[in-house]
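S.K.: Got run.csv for you, CSV, C-alpha atoms:
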```csv
chain,number,residue,atom,x,y,z
A,208,MET,CA,207.7,387.7,5.9
A,209,ARG,CA,204.1,386.5,6.5
A,210,GLN,CA,205.0,382.8,6.0
A,211,VAL,CA,208.1,383.1,8.1
A,212,GLN,CA,206.1,384.8,10.9
A,213,ARG,CA,203.5,382.0,10.7
A,214,VAL,CA,206.2,379.4,11.5
A,215,ILE,CA,207.7,381.6,14.2
A,216,SER,CA,204.3,381.8,15.9
A,217,GLN,CA,203.9,378.1,15.4
A,218,VAL,CA,207.2,376.6,16.7
A,219,ALA,CA,208.3,379.6,18.9
A,220,GLN,CA,212.1,378.9,18.6
A,221,PHE,CA,214.8,377.9,16.2
A,222,GLN,CA,217.8,376.3,18.0
A,223,VAL,CA,221.2,377.9,17.2
A,224,ASP,CA,224.3,375.8,16.7
A,225,SER,CA,227.8,376.8,15.6
A,226,VAL,CA,228.3,373.7,13.4
A,227,ASN,CA,228.0,374.6,9.7
A,228,VAL,CA,228.4,371.2,7.9
A,229,CYS,CA,225.5,371.7,5.5
A,230,VAL,CA,223.6,374.8,6.6
A,231,ARG,CA,223.3,376.5,9.9
A,232,ALA,CA,220.7,374.9,12.2
A,233,HIS,CA,218.5,377.9,12.7
A,234,TYR,CA,217.8,378.2,8.9
A,235,MET,CA,216.5,374.6,8.6
A,236,PRO,CA,213.2,374.6,10.5
A,237,LEU,CA,211.7,377.2,8.1
A,238,TYR,CA,213.0,375.2,5.1
A,239,SER,CA,211.5,372.0,6.5
A,240,ARG,CA,208.1,373.7,6.8
A,241,LEU,CA,208.0,376.1,3.9
A,242,GLY,CA,210.5,374.7,1.4
A,243,PRO,CA,213.0,377.0,-0.3
A,244,TYR,CA,212.7,380.5,1.1
A,245,ASP,CA,214.9,383.5,1.2
A,246,ARG,CA,217.3,383.2,4.2
A,247,ALA,CA,217.7,387.0,4.1
A,248,VAL,CA,214.1,387.2,5.4
A,249,LEU,CA,215.1,385.3,8.6
A,250,ASP,CA,218.3,387.4,8.8
A,251,ARG,CA,216.2,390.5,8.8
A,252,ALA,CA,213.9,389.0,11.5
A,253,VAL,CA,217.0,388.5,13.7
A,254,ASN,CA,219.1,391.6,12.9
A,255,ALA,CA,216.8,394.4,11.8
A,256,LYS,CA,214.1,396.4,13.6
A,257,PRO,CA,211.4,395.5,14.4
A,258,ARG,CA,212.9,392.1,15.3
A,259,ARG,CA,210.6,389.1,15.1
A,260,VAL,CA,213.0,386.8,17.0
A,261,TYR,CA,215.8,387.3,19.5
A,262,GLU,CA,218.4,385.0,20.9
A,263,PHE,CA,218.2,383.6,24.4
A,264,TRP,CA,218.2,380.3,26.3
A,265,GLY,CA,215.1,378.3,25.3
A,266,HIS,CA,215.9,374.7,24.3
A,267,ALA,CA,219.6,375.6,24.5
A,268,ALA,CA,220.6,378.8,22.7
A,269,SER,CA,217.8,379.6,20.3
A,270,LEU,CA,216.1,382.3,18.2
A,271,ILE,CA,212.9,382.8,20.2
A,272,ASP,CA,209.7,384.6,19.2
A,273,VAL,CA,210.1,388.1,20.7
A,274,GLU,CA,206.5,387.8,22.1
A,275,LEU,CA,207.9,385.4,24.6
A,276,ALA,CA,210.6,387.7,25.9
A,277,PRO,CA,208.6,388.8,29.0
A,278,ALA,CA,207.9,385.2,29.8
A,279,PHE,CA,211.6,384.3,29.8
A,280,ARG,CA,212.7,387.0,32.2
A,281,PHE,CA,212.4,384.7,35.2
A,282,ARG,CA,214.9,382.4,33.5
A,283,GLY,CA,217.5,385.2,33.7
A,284,GLU,CA,216.9,385.4,37.4
A,285,GLU,CA,217.2,381.6,37.7
A,286,HIS,CA,220.5,381.8,35.9
A,287,ARG,CA,221.7,384.5,38.3
A,288,GLN,CA,221.7,381.9,41.0
A,289,ARG,CA,223.9,379.5,39.0
A,290,PRO,CA,227.2,381.2,37.9
A,291,TRP,CA,229.8,378.9,36.4
A,292,ASN,CA,233.1,378.4,38.2
A,293,MET,CA,235.1,381.3,36.6
A,294,MET,CA,232.2,383.6,36.9
A,295,ARG,CA,231.7,382.8,40.5
A,296,GLU,CA,235.4,383.8,41.1
A,297,VAL,CA,235.0,387.0,39.1
A,298,LEU,CA,231.8,388.0,41.0
A,299,ALA,CA,233.6,387.4,44.2
A,300,SER,CA,237.0,389.0,43.5
A,301,LYS,CA,236.3,391.6,40.7
A,302,PRO,CA,232.6,392.6,40.9
A,303,GLU,CA,233.4,395.9,39.2
A,304,LEU,CA,234.3,393.9,36.0
A,305,VAL,CA,230.7,393.2,35.1
A,306,ASP,CA,229.8,396.8,35.5
A,307,LYS,CA,232.7,397.9,33.3
A,308,VAL,CA,231.8,395.4,30.5
A,309,TYR,CA,228.2,396.5,30.7
A,310,ALA,CA,229.2,400.1,30.4
A,311,GLN,CA,231.3,399.4,27.3
A,312,VAL,CA,228.3,397.8,25.6
A,313,ALA,CA,226.0,400.6,26.7
A,314,GLU,CA,228.4,403.2,25.2
A,315,ARG,CA,229.5,401.5,22.0
A,316,GLY,CA,227.2,398.5,21.4
A,317,PRO,CA,226.4,396.4,19.7
A,318,LEU,CA,229.8,394.7,20.3
A,319,THR,CA,231.2,391.3,19.8
A,320,ALA,CA,233.4,389.6,22.4
A,321,ARG,CA,236.5,390.3,20.1
A,322,GLU,CA,235.6,394.0,20.2
A,323,ILE,CA,235.7,393.9,23.9
A,324,GLU,CA,239.0,392.1,23.6
A,325,HIS,CA,240.3,394.9,21.3
A,326,GLU,CA,239.6,397.3,24.1
A,327,GLN,CA,242.0,395.4,26.3
A,328,GLU,CA,244.8,396.4,23.9
A,329,ARG,CA,243.9,400.1,24.0
A,330,THR,CA,243.0,400.4,27.7
A,331,LYS,CA,245.7,399.0,30.0
A,332,GLY,CA,244.5,398.1,33.5
A,333,PRO,CA,244.3,395.2,35.9
A,334,TRP,CA,240.7,394.4,35.1
A,335,TRP,CA,241.3,393.8,31.4
A,336,ASP,CA,241.9,390.1,31.5
A,337,TRP,CA,240.4,388.6,28.3
A,338,SER,CA,239.0,385.4,29.7
A,339,GLU,CA,237.4,387.2,32.6
A,340,ALA,CA,236.0,390.0,30.4
A,341,LYS,CA,234.5,387.5,28.0
A,342,SER,CA,233.0,385.6,30.9
A,343,ALA,CA,231.5,388.8,32.2
A,344,LEU,CA,230.0,389.5,28.8
A,345,GLU,CA,228.5,386.0,28.5
A,346,TRP,CA,227.2,386.3,32.1
A,347,LEU,CA,225.3,389.5,31.3
A,348,PHE,CA,223.7,387.7,28.4
A,349,TYR,CA,223.0,384.6,30.5
A,350,VAL,CA,221.1,386.6,33.1
A,351,GLY,CA,219.3,388.8,30.6
A,352,GLU,CA,221.0,392.1,31.3
A,353,LEU,CA,222.4,392.1,27.7
A,354,SER,CA,220.8,390.7,24.6
A,355,SER,CA,222.0,389.9,21.2
A,356,ALA,CA,221.5,392.2,18.2
A,357,GLY,CA,222.2,389.2,15.9
A,358,ARG,CA,225.3,387.4,14.7
A,359,ASN,CA,228.0,388.7,12.4
A,360,SER,CA,229.5,386.8,9.4
A,361,GLN,CA,231.8,384.9,11.7
A,362,PHE,CA,228.8,383.8,13.8
A,363,GLU,CA,229.8,385.9,16.8
A,364,ARG,CA,227.1,387.4,18.9
A,365,ARG,CA,226.7,391.1,18.7
A,366,PHE,CA,225.9,392.1,22.3
A,367,ASP,CA,223.7,395.1,23.0
A,368,LEU,CA,221.2,396.4,25.6
A,369,PRO,CA,217.8,394.7,25.6
A,370,GLU,CA,216.0,398.0,25.1
A,371,ARG,CA,217.9,398.5,21.9
A,372,VAL,CA,217.2,394.9,20.6
A,373,LEU,CA,213.6,394.2,21.5
A,374,PRO,CA,210.6,396.1,20.1
A,375,ALA,CA,209.7,398.9,22.5
A,376,ALA,CA,206.3,397.5,23.2
A,377,ILE,CA,207.8,394.1,24.1
A,378,HIS,CA,210.5,395.6,26.3
A,379,ALA,CA,207.8,397.7,28.1
A,380,THR,CA,205.5,394.8,28.8
A,381,PRO,CA,205.2,394.2,32.6
A,382,THR,CA,207.0,391.2,33.9
A,383,PRO,CA,204.6,388.3,34.5
A,384,THR,CA,204.7,386.3,37.7
A,385,GLU,CA,206.8,383.1,37.4
A,386,ASP,CA,203.6,381.0,37.4
A,387,GLU,CA,202.1,383.1,34.6
A,388,ALA,CA,205.4,382.9,32.7
A,389,ARG,CA,205.5,379.1,33.0
A,390,ILE,CA,201.9,378.8,31.9
A,391,GLU,CA,202.6,380.8,28.8
A,392,LEU,CA,205.7,378.8,28.0
A,393,ALA,CA,203.8,375.6,28.5
A,394,ARG,CA,201.0,376.9,26.3
A,395,ARG,CA,203.4,377.8,23.4
A,396,ALA,CA,205.2,374.4,23.8
A,397,ALA,CA,201.8,372.6,23.7
A,398,ALA,CA,200.7,374.5,20.6
A,399,ALA,CA,204.1,373.7,18.9
A,400,LEU,CA,204.0,370.0,19.7
A,401,GLY,CA,200.4,369.3,19.1
A,402,VAL,CA,200.5,365.9,20.8
A,403,PHE,CA,202.9,365.4,23.7
A,404,ASN,CA,203.5,363.9,27.1
A,405,GLU,CA,204.4,365.8,30.2
A,406,ALA,CA,208.2,365.2,29.9
A,407,GLY,CA,208.1,366.4,26.3
A,408,LEU,CA,206.3,369.5,27.3
A,409,ALA,CA,209.1,370.3,29.8
A,410,GLU,CA,211.8,369.4,27.3
A,411,TYR,CA,210.6,371.9,24.7
A,412,PHE,CA,211.9,375.0,26.6
A,413,TYR,CA,213.9,373.0,29.2
A,414,THR,CA,211.6,374.0,32.0
A,415,ASP,CA,211.3,372.4,35.4
A,416,ARG,CA,209.4,369.2,35.2
A,417,ARG,CA,207.3,369.6,38.3
A,418,LYS,CA,206.4,373.2,37.6
A,419,THR,CA,205.6,372.4,34.0
A,420,GLY,CA,203.2,369.7,35.3
A,421,GLU,CA,201.4,372.4,37.3
A,422,ALA,CA,201.2,374.6,34.2
A,423,LEU,CA,199.9,371.6,32.2
A,424,ALA,CA,197.2,371.1,34.9
A,425,HIS,CA,196.1,374.7,34.4
A,426,LEU,CA,195.9,374.3,30.6
A,427,ILE,CA,193.8,371.2,31.0
A,428,ALA,CA,191.5,373.0,33.4
A,429,THR,CA,191.0,375.9,30.9
A,430,GLY,CA,190.3,373.4,28.1
A,431,GLU,CA,193.3,374.4,26.0
A,432,VAL,CA,194.8,370.9,26.4
A,433,GLU,CA,193.0,367.6,26.7
A,434,PRO,CA,194.2,364.1,27.8
A,435,VAL,CA,194.3,361.6,25.0
A,436,SER,CA,195.5,358.0,24.5
A,437,VAL,CA,198.2,357.6,21.9
A,438,GLN,CA,198.8,354.3,20.3
A,439,SER,CA,202.3,352.9,21.1
A,440,TRP,CA,202.9,355.4,23.9
A,441,SER,CA,203.8,354.1,27.3
A,442,ARG,CA,203.0,357.4,29.0
A,443,PRO,CA,199.8,359.5,29.2
A,444,GLY,CA,199.4,361.7,26.2
A,445,TYR,CA,197.9,365.2,25.8
A,446,LEU,CA,196.5,367.1,22.8
A,447,TRP,CA,196.6,370.8,22.1
A,448,SER,CA,192.9,371.3,21.6
A,449,ALA,CA,193.3,373.7,18.7
A,450,ALA,CA,195.7,371.4,16.8
A,451,ALA,CA,194.9,370.6,13.2
A,452,ARG,CA,193.7,367.1,12.6
A,453,PRO,CA,194.3,366.3,8.9
A,454,ARG,CA,192.9,363.0,7.6
A,455,LYS,CA,195.9,362.6,5.3
A,456,LEU,CA,199.4,364.0,5.2
A,457,GLU,CA,201.4,364.7,2.1
A,458,VAL,CA,204.9,365.7,3.2
A,459,ASP,CA,208.4,365.5,1.9
A,460,ALA,CA,210.7,367.2,4.3
A,461,LEU,CA,214.3,367.0,5.5
A,462,VAL,CA,214.6,367.7,9.3
A,463,SER,CA,217.9,368.7,10.8
A,464,PRO,CA,219.4,367.3,14.1
A,465,PHE,CA,218.3,370.5,15.9
A,466,ASP,CA,214.7,370.7,14.8
A,467,SER,CA,212.0,370.8,17.5
A,468,LEU,CA,210.7,367.5,16.1
A,469,VAL,CA,213.9,365.9,17.4
A,470,PHE,CA,214.0,367.6,20.9
A,471,ASP,CA,212.2,364.8,22.7
A,472,ARG,CA,214.0,361.5,21.7
A,473,GLU,CA,211.5,359.3,23.5
A,474,ARG,CA,208.6,360.9,21.7
A,475,LEU,CA,210.4,360.3,18.4
A,476,LEU,CA,210.9,356.7,19.3
A,477,GLU,CA,207.4,356.0,20.5
A,478,THR,CA,205.7,357.9,17.7
A,479,PHE,CA,207.8,357.0,14.7
A,480,GLY,CA,209.8,354.0,15.9
A,481,VAL,CA,213.1,355.9,15.3
A,482,HIS,CA,216.0,355.7,17.7
A,483,TYR,CA,217.9,358.9,17.1
A,484,ARG,CA,221.1,360.3,18.5
A,485,ILE,CA,223.0,363.4,17.2
A,486,GLY,CA,226.1,362.0,15.6
A,487,LEU,CA,228.3,365.0,16.1
A,488,TYR,CA,227.9,364.5,19.9
A,489,THR,CA,228.7,360.8,19.6
A,490,PRO,CA,232.3,359.4,19.6
A,491,LYS,CA,233.2,358.5,16.0
A,492,ALA,CA,233.6,354.8,16.8
A,493,GLU,CA,230.0,354.7,18.1
A,494,ARG,CA,228.2,356.5,15.3
A,495,VAL,CA,225.8,354.4,13.4
A,496,HIS,CA,224.4,356.6,10.7
A,497,GLY,CA,226.9,359.4,10.4
A,498,TYR,CA,228.0,362.8,11.7
A,499,TYR,CA,225.3,365.3,10.8
A,500,VAL,CA,222.2,363.2,10.1
A,501,TYR,CA,218.9,364.6,8.7
A,502,LEU,CA,215.6,362.7,9.0
A,503,PHE,CA,213.5,362.4,5.9
A,504,VAL,CA,209.8,362.8,6.8
A,505,MET,CA,207.6,361.3,4.1
A,506,ASP,CA,203.9,361.7,4.7
A,507,ASP,CA,203.1,360.4,8.2
A,508,ARG,CA,206.3,358.5,8.8
A,509,ILE,CA,210.1,359.0,9.0
A,510,ALA,CA,211.2,357.0,6.0
A,511,ALA,CA,214.9,357.5,5.9
A,512,ARG,CA,217.9,359.4,7.3
A,513,VAL,CA,220.9,360.9,5.5
A,514,ASP,CA,224.3,362.2,6.6
A,515,LEU,CA,224.7,365.5,4.6
A,516,LYS,CA,227.6,367.8,4.0
A,517,ALA,CA,227.8,370.9,1.7
A,518,ASP,CA,231.1,370.9,-0.3
A,519,ARG,CA,230.8,374.6,-1.1
A,520,LYS,CA,234.2,374.7,-3.0
A,521,ALA,CA,233.1,372.0,-5.4
A,522,SER,CA,229.5,373.1,-5.3
A,523,ARG,CA,228.2,369.6,-4.3
A,524,LEU,CA,225.7,368.4,-1.7
A,525,LEU,CA,227.4,365.2,-0.4
A,526,VAL,CA,225.2,362.4,0.8
A,527,GLN,CA,227.7,360.6,3.0
A,528,SER,CA,225.3,357.9,4.0
A,529,ALA,CA,221.7,357.0,3.3
A,530,TRP,CA,219.6,354.7,5.4
A,531,LEU,CA,216.1,353.3,4.9
A,532,GLU,CA,213.9,353.0,8.0
A,533,PRO,CA,212.2,349.7,8.6
A,534,GLY,CA,208.8,349.4,7.0
A,535,SER,CA,209.4,352.1,4.4
A,536,ASP,CA,209.1,351.4,0.6
A,537,GLU,CA,212.7,351.5,-0.8
A,538,VAL,CA,211.9,352.6,-4.3
A,539,GLN,CA,209.3,355.2,-3.4
A,540,THR,CA,211.4,356.6,-0.6
A,541,ALA,CA,214.5,356.8,-2.8
A,542,HIS,CA,212.7,358.7,-5.6
A,543,ARG,CA,211.0,361.2,-3.2
A,544,LEU,CA,214.2,361.7,-1.2
A,545,ALA,CA,216.2,362.2,-4.3
A,546,ALA,CA,213.8,365.0,-5.4
A,547,GLU,CA,214.1,366.6,-1.9
A,548,LEU,CA,217.9,366.4,-2.0
A,549,ARG,CA,217.9,368.1,-5.4
A,550,ARG,CA,215.6,370.8,-4.0
A,551,LEU,CA,217.9,371.3,-1.0
A,552,ALA,CA,220.9,371.6,-3.2
A,553,ASP,CA,219.2,374.2,-5.4
A,554,TRP,CA,218.3,376.2,-2.3
A,555,LEU,CA,221.9,376.1,-1.1
A,556,GLU,CA,223.1,377.0,-4.6
A,557,LEU,CA,225.0,373.8,-5.0
A,558,SER,CA,225.2,372.3,-8.5
A,559,ASP,CA,225.3,368.6,-7.8
A,560,VAL,CA,224.1,365.9,-5.4
A,561,VAL,CA,226.6,363.2,-4.9
A,562,VAL,CA,225.7,359.9,-3.1
A,563,SER,CA,228.4,357.7,-1.5
A,564,GLY,CA,228.0,354.0,-1.2
A,565,VAL,CA,227.4,353.9,2.5
A,566,GLY,CA,224.0,352.8,3.9
A,567,ASN,CA,221.3,350.4,3.0
A,568,LEU,CA,219.5,353.0,0.8
A,569,ALA,CA,222.6,354.4,-0.9
A,570,HIS,CA,222.5,352.3,-4.1
A,571,THR,CA,218.8,352.8,-4.8
A,572,LEU,CA,219.1,356.5,-4.0
A,573,ALA,CA,222.0,357.0,-6.3
A,574,ILE,CA,220.2,355.6,-9.3
A,575,ALA,CA,217.0,357.4,-8.5
A,576,ASP,CA,216.6,360.4,-10.8
A,577,GLY,CA,220.2,360.0,-11.9
A,578,LEU,CA,222.0,361.4,-8.9
A,579,ALA,CA,225.8,361.2,-9.0
A,580,ARG,CA,227.6,358.5,-7.1
A,581,THR,CA,231.0,358.1,-5.6
```
Would you mind writing the file's structure down as C-alpha cells?
M.R.:
Amino acid sequence: MRQVQRVISQVAQFQVDSVNVCVRAHYMPLYSRLGPYDRAVLDRAVNAKPRRVYEFWGHAASLIDVELAPAFRFRGEEHRQRPWNMMREVLASKPELVDKVYAQVAERGPLTAREIEHEQERTKGPWWDWSEAKSALEWLFYVGELSSAGRNSQFERRFDLPERVLPAAIHATPTPTEDEARIELARRAAAALGVFNEAGLAEYFYTDRRKTGEALAHLIATGEVEPVSVQSWSRPGYLWSAAARPRKLEVDALVSPFDSLVFDRERLLETFGVHYRIGLYTPKAERVHGYYVYLFVMDDRIAARVDLKADRKASRLLVQSAWLEPGSDEVQTAHRLAAELRRLADWLELSDVVVSGVGNLAHTLAIADGLART
C-alpha cells in the first residue's frame, strides 16, 4: 500500500471510465508509474476502510485522494446551481423524491441504482418512477450529499452517506473557504504536473480558469511555484518548485487515454509533439490510430502509440495497430515496446501478445522478441 499511496499523493486522482477494452482506466495510472502491482490493493483503497481514495467529480468522475474531500465541497455547492433538465423538473414538481431516495440510502446503504429500482417493485406509489428516482440518486451524488462506497462487479456505484465512506477525521475537517479550496486544488495540480501553464493547471481538476489564475498567483507569491520558460511552448510556463529535476530519464511505460499526462492535449502537443485525440470519442471514419490508443513513453519522449484490446476468452493481448512517432528509433522502440507489452499481458494474466499488420510500426514490432502476428 505504501507505493500505491505515494502515487495517490503524487497525482491526486485516477479518472474513472466505464469502457473496459483492455483494463479499466483507473487501474492504469498506477501500472504506468509502478509497473505490475496487485489491483486488489487499489480495490481496498476504494472499497475498504480506511479509504485512501473516494469517487467524485475531479477531472470528470475520478477516484480522488480523500485528503482533498474538504477542498471539493464547494464543487457540490456549484453543482447545486446547475441541475440537468430532468432533475430541474423533479426538483420543481416532486421535491419530496430526493428526500425519499436519501432516506432509502441512509437506512439500507450502500445501495446501487438497481437496488433503488428494486424498491419500486416492492413499494407501490406515485413517486417511484425509475428514471426520476435514478436521477435523484445521481443528483445527491452530484451535489455531495451522497458518496460512493465503491463499485460492484458490474461497475455500478454503491451509494452511501459521506460519513460512512470518508475517514472520520476527513469528514470532520472544517470546510475551507472557496478561495482556500481553490488554492489547495491548484497546489495539488501543480505538484502533479510539475511543469505546466495556466490553462493546464485549470484543466487538471476542471476548475474555473480565472479563479485558478488567482490561486496560481498565490502559489507564485508563496514561492511554491516559479515562472519558467519552456522550449517550444507558446504560453508562459510554470514550475512546481519542489519538482524533481532528473538529469536523465530511463522509462518504459504505457499510458492510457485517461491518464493525467493526457488531460491537457495542448501541453502534450507542445511538449512532446504528439497530437492526440481519444479514439473512442471520435467517429470511426475519422479515427487515425485506433479506438483505445495507449501512448508509449520511452525515456524522455513519447515514442509510439498502440491500439490495445484484451481478448480475455482467447487469453490474448491484441495490438490492433502500432504507430511510430516521428523522430523515434524504430528498432529500439519496437524491442522496448514489445517487452512492455509482454509485461502488460502478464499483469493482465493473458498468455499471448498478438500484433496485427496495421500501423507503420506493426511489422517491426511483430518480429521484435518473437511476438505473434495476425
S.K.: Considering all atoms listed in the file, state which residue in the set A:Phe403, A:Phe470, A:Phe362, A:Phe348 is at the smallest distance from Ser441 in chain A.
M.R.: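 With all atoms listed in the file as the atom set, the closest residue is A:Phe403.
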S.K.: Let me make sure I understand: among A:Lys418, A:Leu392, A:Ala406, A:Ala521, which one has the smallest atom-to-atom distance to Arg474 in chain A if we use only C-alpha atoms?
M.R.: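 Ranking A:Lys418, A:Leu392, A:Ala406, A:Ala521 by distance to Arg474 in chain A, first place goes to A:Ala406.
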S.K.: Could you state the separation of CA of Val538 in chain A and CA of His570 in chain A in Å, given to one decimal place?
M.R.: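 Distance between the two atoms: 10.6 Å.
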S.K.: Restricting the calculation to only C-alpha atoms: of A:Val228, A:Ala569, A:Thr429, A:Thr384, which residue gets closest to Val500 in chain A?
M.R.: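 Among the listed residues, the smallest separation from Val500 in chain A belongs to A:Val228.
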S.K.: Measuring between only C-alpha atoms, which one of A:Arg508, A:Ser467, A:Ser563, A:Arg494 shows the shortest distance to Val526 in chain A?
M.R.: A:Ser563
S.K.: Under the rule that only C-alpha atoms are counted, which of A:Ser342, A:Ser463, A:Ser225, A:Ser439 is the nearest residue to Tyr238 in chain A?
M.R.: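 Nearest candidate to Tyr238 in chain A out of A:Ser342, A:Ser463, A:Ser225, A:Ser439: A:Ser463.
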S.K.: Can you list, as JSON, numbers by chain, every protein, DNA or RNA residue that comes within 9 Å of range 372-374 of chain A when you count all atoms listed in the file, leaving out same-chain residues fewer than 2 positions away?
M.R.: {"A": [254, 255, 256, 257, 258, 259, 260, 261, 273, 276, 354, 355, 356, 357, 367, 368, 369, 370, 376, 377, 378, 379]}
S.K.: Just the residues within 12 Å of Ala546 in chain A, please, counting all atoms listed in the file, with nothing from its chain fewer than 5 positions along; format it as number ranges by chain.
M.R.: A: 459-461, 503, 505, 539-541, 551-553, 560, 572-573, 575-578
